[in-house]
Amino acid sequence: MTSMELNAELFRELSVIAEDESLMRKALIAIKKLATQKRAMDETEYVMSSPAMVEILRQGDEDIKNGKGRVVKLEDLWK
């Protein structure tokens, strides 16, 4: 199925529940969860596509494993 066909089917199915506010809210929540997952996958893919970034992350993991990390309060990150 093409994206346009999937899009049309999605809208057809939504039209079935369009008058039921409760079902539309559930559908919206489900779609927002999927969109959030997609954004996270895109961000991960972007970061992992950079060998330099992968090395920075690997080194950070190694530093934490060897006790070289330090605890920082969240509010201190913006000082």
# chains A, B, ... in the order shown; residues from 1 in each chain; ligands from 1
$ residues_around --residues "segment 15-17 of chain A" --least-positions-apart "6" --cutoff "12 Å" --atoms "only C-alpha atoms" --output "VMD selection string"
chain A and resid 8 to 9 23 to 28
$ write_last_selection --atoms "N, CA, C and O atoms" --output "JSON list (two decimals), in the first residue's frame"
[["chain", "number", "residue", "atom", "x", "y", "z"],
["A", 8, "ALA", "N", -5.40, 7.82, 2.97],
["A", 8, "ALA", "CA", -6.83, 7.79, 2.66],
["A", 8, "ALA", "C", -7.57, 6.81, 3.58],
["A", 8, "ALA", "O", -8.65, 7.11, 4.10],
["A", 9, "GLU", "N", -6.97, 5.64, 3.80],
["A", 9, "GLU", "CA", -7.60, 4.65, 4.69],
["A", 9, "GLU", "C", -7.68, 5.16, 6.12],
["A", 9, "GLU", "O", -8.70, 4.97, 6.80],
["A", 23, "LEU", "N", -13.69, 8.40, 21.46],
["A", 23, "LEU", "CA", -12.88, 7.59, 20.54],
["A", 23, "LEU", "C", -11.87, 8.44, 19.78],
["A", 23, "LEU", "O", -10.73, 8.01, 19.56],
["A", 24, "MET", "N", -12.25, 9.66, 19.43],
["A", 24, "MET", "CA", -11.31, 10.54, 18.73],
["A", 24, "MET", "C", -10.15, 10.92, 19.65],
["A", 24, "MET", "O", -9.01, 10.99, 19.20],
["A", 25, "ARG", "N", -10.43, 11.13, 20.93],
["A", 25, "ARG", "CA", -9.34, 11.43, 21.88],
["A", 25, "ARG", "C", -8.38, 10.25, 21.97],
["A", 25, "ARG", "O", -7.16, 10.42, 21.99],
["A", 26, "LYS", "N", -8.93, 9.03, 22.03],
["A", 26, "LYS", "CA", -8.08, 7.83, 22.09],
["A", 26, "LYS", "C", -7.23, 7.71, 20.83],
["A", 26, "LYS", "O", -6.04, 7.37, 20.90],
["A", 27, "ALA", "N", -7.85, 7.98, 19.69],
["A", 27, "ALA", "CA", -7.10, 7.91, 18.42],
["A", 27, "ALA", "C", -5.99, 8.96, 18.41],
["A", 27, "ALA", "O", -4.86, 8.67, 17.99],
["A", 28, "LEU", "N", -6.29, 10.16, 18.87],
["A", 28, "LEU", "CA", -5.29, 11.23, 18.91],
["A", 28, "LEU", "C", -4.13, 10.87, 19.83],
["A", 28, "LEU", "O", -2.96, 11.07, 19.48]]
$ atom_distance --atom1 "atom CA of Arg70 of chain A" --atom2 "atom CA of Leu57 of chain A"
15.7 Å
$ atom_distance --atom1 "atom CA of Ser49 of chain A" --atom2 "atom CA of Lys32 of chain A"
25.6 Å
$ select_by_dssp --residues "chain A" --states "alpha helix (DSSP H)" --output "PyMOL selection string"
chain A and resi 3-17+21-48+51-65
$ atom_distance --atom1 "atom CA of Leu77 of chain A" --atom2 "atom CA of Gly60 of chain A"
17.2 Å
